[in-house]
Amino acid sequence: MRTPVKKIVTAVGASVALMAAGHASAEIKIGIAGPMTGPVAQYGDMQFSGARMAIERINSNGGVMGEMLEAVEVDDVCDPKQAVTVANRLVNEGVRFVIGHLCSSSTQPASDIYEDEGILMITPASTSPDITERGYELVFRTIGLDSMQGPVAARHLISLKPERVAIVHDKQQYGEGIASAVRDTLQQAGVEVAMFEGITAGDKDFSSLITKMKQADVDYIYYGGYHPELGLILRQARQAELDAVFMGPEGVGNKDINTIAGDAAEGLLVTLPPSFDEKEENQALVQAFADKGEDPSGPFVLTSYAAVQLVADGIEQADSTDPFEVAAALRSGSFETPIGTVQYDSKGDMQSFEFVVYEWHSDGSKTPVN
Amino acid sequence: MQDVLYFLQQLINGLTIGSAYALIAIGYTMVYGIIGMINFAHGEIYMIGAYTALITITGLASLGVAWLPLVLLVALICAMLVSSSMGWAVERVAYRPVRGRHRLIPLISAIGMSIFLQNYVHLAQGSRNIGFPALIEGGFQFGAADSFQTSISYMQITIFITTLICMTVLSLFISRSRIGRACRAVSQDLGMANLLGIDTNRIISATFVIGAALAAVAGLLLGMYYGSIDPLFGFIAGLKAFTAAVLGGIGSIPGAMLGGLILGVSESMTSGYLSGEYKDVVSFGLLILILLFKPTGLLGKPEVEKI
């Protein structure tokens with residue numbers, strides 16, 4: 001009994017390996033990993049749209065070193081367990097470059113696999129500092145860190161001279177991370193943080209929390225997390241007549257918050273990457289998105305585009321498709337992308353990345369504050 | 001004074017959510033009372049009720065129907081109809097063929113049904129959160145205007161009153177009607193009831209249908225109260241309602257009501273006085289304590305071994 005099983009396993013394993021090897025020589029596979037379904041699929045749409053556009057445009061210009069890029073798209077539902085599963089699938093598919101993941105809590109476990117398997121990963125959206133803290137050689141990002149974004153939000157709050165601030169987060173790596181960064185900066189400036197409390201992602205009833213904030217008499221509320229929960233908090237707070245200004249990170253800044261919160265989303269403050277789609281030099285690219293009927297204004301569209309472009313430029317620069325050599329090229333070079341000039345530090349973080357405070361409106365538009 | 005108002009507000013919040021838990025818990029407890037099985041697809045029935053109500057409301061709005069009582073009534077009826085037929089179908093597909101087999105088999109088929117329904121709604125309606133229009137707005141305020149005010153919204157009052165009506169009608173139905181009497185007979189002894197000429201298959205179907213209809217009522221109410229629905233929100237609500245049913249004594253209808261209210265109030269008090277992070281710890285911790293010291297739940301009867 002034992003031998004046949006072993007034989008089958010070996011045969012299957014060998015054929016998978018052969019298939020992978022056979023494919024890898026034909027074209028360069030780029031894995032795109034992010035949420036296609038689930039509560040934050042909106043952000044996944046931005047990521048896939050940006051990455052697909054980059055692959056399309058690079059291929060129409062003759063590809064990279066004469067080889068075409070081929071997208072391998074996987075859905076991680078923004079769930080850490082699922083992220084590990086799809087990361088392993090990408091490994092089996094023979095992918096050596098990955099654009100993703102999106103949620104920090106997914107990127108973290110998936111990056112362990114990529115680093116072990118010698119796959120280069122660029123996340124266009126994960127802002128948790130922990131991801132690049134572990135001395136990994138193959139992990140990069142095209143977005144800033146919570147440790148940059150949190151203080152931007154906190155400094156804006158301080159400039160508004162708040163009396164008491166409540167900070168709420170969703171207990172996830174991203175939400176709690178950024179909420180802590182905001183709290184620390186506020187406390188250093190001597191602002192009273194009246195509450196620092198977690199909720200459970202997926203919860204729907206926030207009446208008790210809102211009652212508590214009402215009693216604490218806070219005038220500003222910072223929320224670390226994503227839009228499904230903040231949308232409900234905004235709406236239920238409006239109904240309970242809680243009179244305070246809300247602020248959140250880029251995870252709450254998309255138009256779906258308006259379908260949940262309605263008018264209550266008016267006046268919400270959001271820190272976002274600057275609107276790269278409004279930059280003069282990106283207008284041709286913006287037009288290309290418009291021709292496809294897609295909207296490049298989401299925060300992660302052009303960061304994903306830039307991530308693909310960096311992989312391509314890195315391969316050209318290194319003159320090799322070996323992820324380690326590409327990583328070395330990315331660290332040493334300076335690259336022109338739609339999100340500006342990208343230069344990496346030794347950890348794989350961008351040397352500078354700016355966050356801007358926007359005011360959100362009930363029709364889904366946003367205007368920069370000061 | 002302010003502390004009292006704060007306490008009152010948390011109590012109101014808790015009772016609101018607790019009444020809705022109770023409505024869902026009825027479905028668990030009735031099915032358990034009659035066939036001794038747990039219907040794990042019940043949370044999904046509640047979710048489908050909420051979706052049906054939302055689709056009906058949107059449909060009526062596009063037809064130009066704006067008179068609120070009519071909109072709510074039609075949405076309620078549609079949700080109850082669709083959920084009830086779902087409840088009936090779940091029983092036919094996932095329970096009847098495996099009834100009387102080993103206990104694990106219906107349990108697994110129910111979990112399968114729950115996963116199927118969840119993913120079906122994922123495919124049919126998308127996986128995103130959908131906003132539910134706030135149809136009932138406004139409320140009463142108590143307390144001085146310059147400090148903390150207790151408020152009861154009309155929505156909360158609607159939830160209390162609807163739950164009260166549903167519970168009264170259900171109690172009358174179980175104690176007075178022919179089907180209700182048959183339900184009680186079947187729950188006492190299924191085999192004997194069958195011998196006495198009761199169509200037990202019909203009664204079991206009826207139980208699923210009644211539970212599903214009440215879950216649909218909860219779906220409409222909570223959809224409006226929370227403000228958004230998604231295909232996964234039946235799962236958590238189902239878990240909470242199941243806890244409420246066990247807390248009150250599974251198999252007992254007044255127990256489900258009591259369990260729901262206790263669970264809702266303990267959740268809101270924990271969030272209000274400790275921290276929202278401990279909400280689920282306290283409610284499930286309560287469940288463990290009750291199971292340790294009173295395994296039949298608060299109002300459950302000790303199980304008599306049927307021979």
# chains A, B, ... in the order shown; residues from 1 in each chain; ligands from 1
$ closest_atom_pairs --of "chain B" --to "chain A" --cutoff "7 Å" --atoms "only C-alpha atoms" --output "CSV"
residue,atom,partner,partner_atom,distance
B:Gln10,CA,A:Ser208,CA,6.1
B:Asn13,CA,A:Ser207,CA,6.2
B:Ser127,CA,A:Gly38,CA,5.1
B:Arg128,CA,A:Pro39,CA,5.2
B:Asn129,CA,A:Pro39,CA,6.4
B:Ile130,CA,A:Ile260,CA,6.6
B:Gly131,CA,A:Ile260,CA,4.2
B:Phe148,CA,A:Gln215,CA,5.9
B:Tyr226,CA,A:Lys204,CA,5.9
B:Gly227,CA,A:Leu232,CA,6.4
B:Ser228,CA,A:Ile260,CA,6.0
B:Ser268,CA,A:Ser208,CA,5.5
B:Ser271,CA,A:Ser208,CA,5.9
B:Gly272,CA,A:Ser208,CA,5.6
B:Ser275,CA,A:Glu197,CA,6.7
B:Gly276,CA,A:Ile199,CA,5.7
B:Glu277,CA,A:Gly198,CA,5.4
$ write_last_selection --atoms "N, CA and C atoms" --output "short mmCIF file (atom, residue, chain, number, x, y, z; two decimals), in the first residue's frame"
data_model
loop_
_atom_site.label_atom_id
_atom_site.label_comp_id
_atom_site.auth_asym_id
_atom_site.auth_seq_id
_atom_site.Cartn_x
_atom_site.Cartn_y
_atom_site.Cartn_z
N GLN B 10 -27.96 52.42 28.28
CA GLN B 10 -27.35 51.12 27.97
C GLN B 10 -28.38 50.01 28.09
N ASN B 13 -30.42 50.09 24.93
CA ASN B 13 -29.63 49.50 23.84
C ASN B 13 -29.63 47.98 23.93
N SER B 127 -20.67 40.41 -2.42
CA SER B 127 -20.20 40.18 -1.06
C SER B 127 -20.07 41.47 -0.27
N ARG B 128 -20.46 42.59 -0.88
CA ARG B 128 -20.24 43.86 -0.19
C ARG B 128 -21.35 44.18 0.80
N ASN B 129 -21.02 45.07 1.69
CA ASN B 129 -22.04 45.59 2.59
C ASN B 129 -23.00 46.44 1.80
N ILE B 130 -24.29 46.21 1.99
CA ILE B 130 -25.28 47.02 1.29
C ILE B 130 -25.98 47.88 2.33
N GLY B 131 -26.10 49.16 2.05
CA GLY B 131 -26.78 50.05 2.99
C GLY B 131 -28.27 49.79 3.01
N PHE B 148 -25.72 64.76 29.41
CA PHE B 148 -26.04 63.51 28.75
C PHE B 148 -27.55 63.28 28.70
N TYR B 226 -29.50 48.45 12.24
CA TYR B 226 -28.05 48.56 12.04
C TYR B 226 -27.72 49.51 10.90
N GLY B 227 -28.39 49.33 9.77
CA GLY B 227 -28.11 50.20 8.63
C GLY B 227 -27.35 49.55 7.49
N SER B 228 -26.87 48.32 7.65
CA SER B 228 -26.26 47.67 6.49
C SER B 228 -26.35 46.15 6.67
N SER B 268 -24.51 44.86 26.23
CA SER B 268 -24.43 46.32 26.22
C SER B 268 -23.85 46.85 27.52
N SER B 271 -20.07 46.45 27.20
CA SER B 271 -19.48 47.50 26.37
C SER B 271 -19.53 48.83 27.10
N GLY B 272 -20.61 49.06 27.83
CA GLY B 272 -20.81 50.35 28.46
C GLY B 272 -19.92 50.59 29.66
N SER B 275 -15.48 47.32 28.45
CA SER B 275 -14.96 47.70 27.15
C SER B 275 -15.61 46.80 26.11
N GLY B 276 -15.83 47.33 24.93
CA GLY B 276 -16.45 46.57 23.86
C GLY B 276 -15.67 45.31 23.52
N GLU B 277 -14.37 45.33 23.85
CA GLU B 277 -13.55 44.17 23.53
C GLU B 277 -13.97 42.94 24.31
#
$ residues_around --residues "Tyr344 in chain A" --least-positions-apart "4" --cutoff "8 Å" --atoms "only C-alpha atoms" --output "ChimeraX atom specification"
/A:330-334,348-351
$ write_last_selection --atoms "all heavy atoms" --output "PDB file, in the first residue's frame"
ATOM      1  N   LEU A 330      16.376  47.027  -7.030  1.00  0.00           N
ATOM      2  CA  LEU A 330      15.378  47.962  -6.496  1.00  0.00           C
ATOM      3  C   LEU A 330      15.974  48.785  -5.357  1.00  0.00           C
ATOM      4  O   LEU A 330      15.707  49.973  -5.222  1.00  0.00           O
ATOM      5  CB  LEU A 330      14.144  47.213  -5.996  1.00  0.00           C
ATOM      6  CG  LEU A 330      13.192  46.646  -7.061  1.00  0.00           C
ATOM      7  CD1 LEU A 330      12.033  45.907  -6.405  1.00  0.00           C
ATOM      8  CD2 LEU A 330      12.654  47.757  -7.950  1.00  0.00           C
ATOM      9  N   ARG A 331      16.791  48.131  -4.525  1.00  0.00           N
ATOM     10  CA  ARG A 331      17.377  48.845  -3.376  1.00  0.00           C
ATOM     11  C   ARG A 331      18.389  49.893  -3.811  1.00  0.00           C
ATOM     12  O   ARG A 331      18.539  50.909  -3.154  1.00  0.00           O
ATOM     13  CB  ARG A 331      18.049  47.849  -2.429  1.00  0.00           C
ATOM     14  CG  ARG A 331      17.066  47.136  -1.565  1.00  0.00           C
ATOM     15  CD  ARG A 331      17.667  46.695  -0.243  1.00  0.00           C
ATOM     16  NE  ARG A 331      16.593  46.259   0.629  1.00  0.00           N
ATOM     17  CZ  ARG A 331      15.984  45.080   0.519  1.00  0.00           C
ATOM     18  NH1 ARG A 331      16.380  44.229  -0.407  1.00  0.00           N
ATOM     19  NH2 ARG A 331      14.996  44.759   1.317  1.00  0.00           N
ATOM     20  N   SER A 332      19.085  49.612  -4.906  1.00  0.00           N
ATOM     21  CA  SER A 332      20.170  50.525  -5.269  1.00  0.00           C
ATOM     22  C   SER A 332      19.703  51.642  -6.194  1.00  0.00           C
ATOM     23  O   SER A 332      20.299  52.709  -6.217  1.00  0.00           O
ATOM     24  CB  SER A 332      21.318  49.737  -5.920  1.00  0.00           C
ATOM     25  OG  SER A 332      20.812  49.088  -7.073  1.00  0.00           O
ATOM     26  N   GLY A 333      18.612  51.409  -6.952  1.00  0.00           N
ATOM     27  CA  GLY A 333      18.252  52.381  -7.980  1.00  0.00           C
ATOM     28  C   GLY A 333      17.248  53.418  -7.531  1.00  0.00           C
ATOM     29  O   GLY A 333      16.831  53.485  -6.373  1.00  0.00           O
ATOM     30  N   SER A 334      16.893  54.255  -8.492  1.00  0.00           N
ATOM     31  CA  SER A 334      15.863  55.262  -8.264  1.00  0.00           C
ATOM     32  C   SER A 334      14.948  55.198  -9.486  1.00  0.00           C
ATOM     33  O   SER A 334      15.424  55.184 -10.621  1.00  0.00           O
ATOM     34  CB  SER A 334      16.549  56.619  -8.114  1.00  0.00           C
ATOM     35  OG  SER A 334      15.711  57.636  -8.570  1.00  0.00           O
ATOM     36  N   GLY A 348      13.105  48.031   2.623  1.00  0.00           N
ATOM     37  CA  GLY A 348      12.111  47.822   1.565  1.00  0.00           C
ATOM     38  C   GLY A 348      10.986  48.834   1.638  1.00  0.00           C
ATOM     39  O   GLY A 348       9.968  48.694   0.954  1.00  0.00           O
ATOM     40  N   ASP A 349      11.150  49.854   2.497  1.00  0.00           N
ATOM     41  CA  ASP A 349      10.162  50.940   2.557  1.00  0.00           C
ATOM     42  C   ASP A 349      10.602  52.076   1.655  1.00  0.00           C
ATOM     43  O   ASP A 349      11.795  52.293   1.454  1.00  0.00           O
ATOM     44  CB  ASP A 349      10.061  51.478   3.990  1.00  0.00           C
ATOM     45  CG  ASP A 349       9.463  50.464   4.923  1.00  0.00           C
ATOM     46  OD1 ASP A 349       8.635  49.657   4.451  1.00  0.00           O
ATOM     47  OD2 ASP A 349       9.828  50.471   6.106  1.00  0.00           O
ATOM     48  N   MET A 350       9.637  52.830   1.153  1.00  0.00           N
ATOM     49  CA  MET A 350       9.979  53.989   0.345  1.00  0.00           C
ATOM     50  C   MET A 350      10.609  55.044   1.243  1.00  0.00           C
ATOM     51  O   MET A 350      10.183  55.235   2.373  1.00  0.00           O
ATOM     52  CB  MET A 350       8.731  54.551  -0.325  1.00  0.00           C
ATOM     53  CG  MET A 350       8.234  53.659  -1.442  1.00  0.00           C
ATOM     54  SD  MET A 350       6.594  54.119  -1.955  1.00  0.00           S
ATOM     55  CE  MET A 350       6.899  55.650  -2.778  1.00  0.00           C
ATOM     56  N   GLN A 351      11.627  55.728   0.704  1.00  0.00           N
ATOM     57  CA  GLN A 351      12.338  56.673   1.572  1.00  0.00           C
ATOM     58  C   GLN A 351      11.453  57.846   1.972  1.00  0.00           C
ATOM     59  O   GLN A 351      11.592  58.404   3.046  1.00  0.00           O
ATOM     60  CB  GLN A 351      13.617  57.140   0.895  1.00  0.00           C
ATOM     61  CG  GLN A 351      14.651  56.029   0.947  1.00  0.00           C
ATOM     62  CD  GLN A 351      15.987  56.438   0.418  1.00  0.00           C
ATOM     63  OE1 GLN A 351      16.165  57.543  -0.050  1.00  0.00           O
ATOM     64  NE2 GLN A 351      16.943  55.536   0.461  1.00  0.00           N
TER      65      GLN A 351
END
$ atom_distance --atom1 "CA of Tyr28 in chain B" --atom2 "CA of Arg99 in chain B"
16.7 Å
$ residues_around --residues "Ala213 in chain B" --least-positions-apart "5" --cutoff "7 Å" --atoms "only C-alpha atoms" --output "PyMOL selection string"
chain B and resi 80+83-84
$ atom_distance --atom1 "CA of Val186 in chain B" --atom2 "CA of Cys166 in chain B"
22.3 Å
$ atom_distance --atom1 "CA of Glu56 in chain A" --atom2 "CA of Asp277 in chain A"
18.3 Å
$ residues_around --residues "range 148-157 of chain A" --least-positions-apart "6" --cutoff "8 Å" --atoms "only C-alpha atoms" --output "NGL selection string"
:A and (178-179 or 181-183 or 185-186 or 220 or 247 or 249 or 271 or 353-357)
$ closest_residue --among "B:Val71, B:Ala241, B:Leu214, B:Leu123" --to "Gly43 in chain B" --atoms "only C-alpha atoms"
B:Ala241
$ select_by_dssp --residues "range 72-246 of chain B" --states "helix (DSSP H, G or I)" --output "number ranges by chain"
B: 72-98, 104-125, 154-176, 178-188, 190-195, 200-226, 233-246
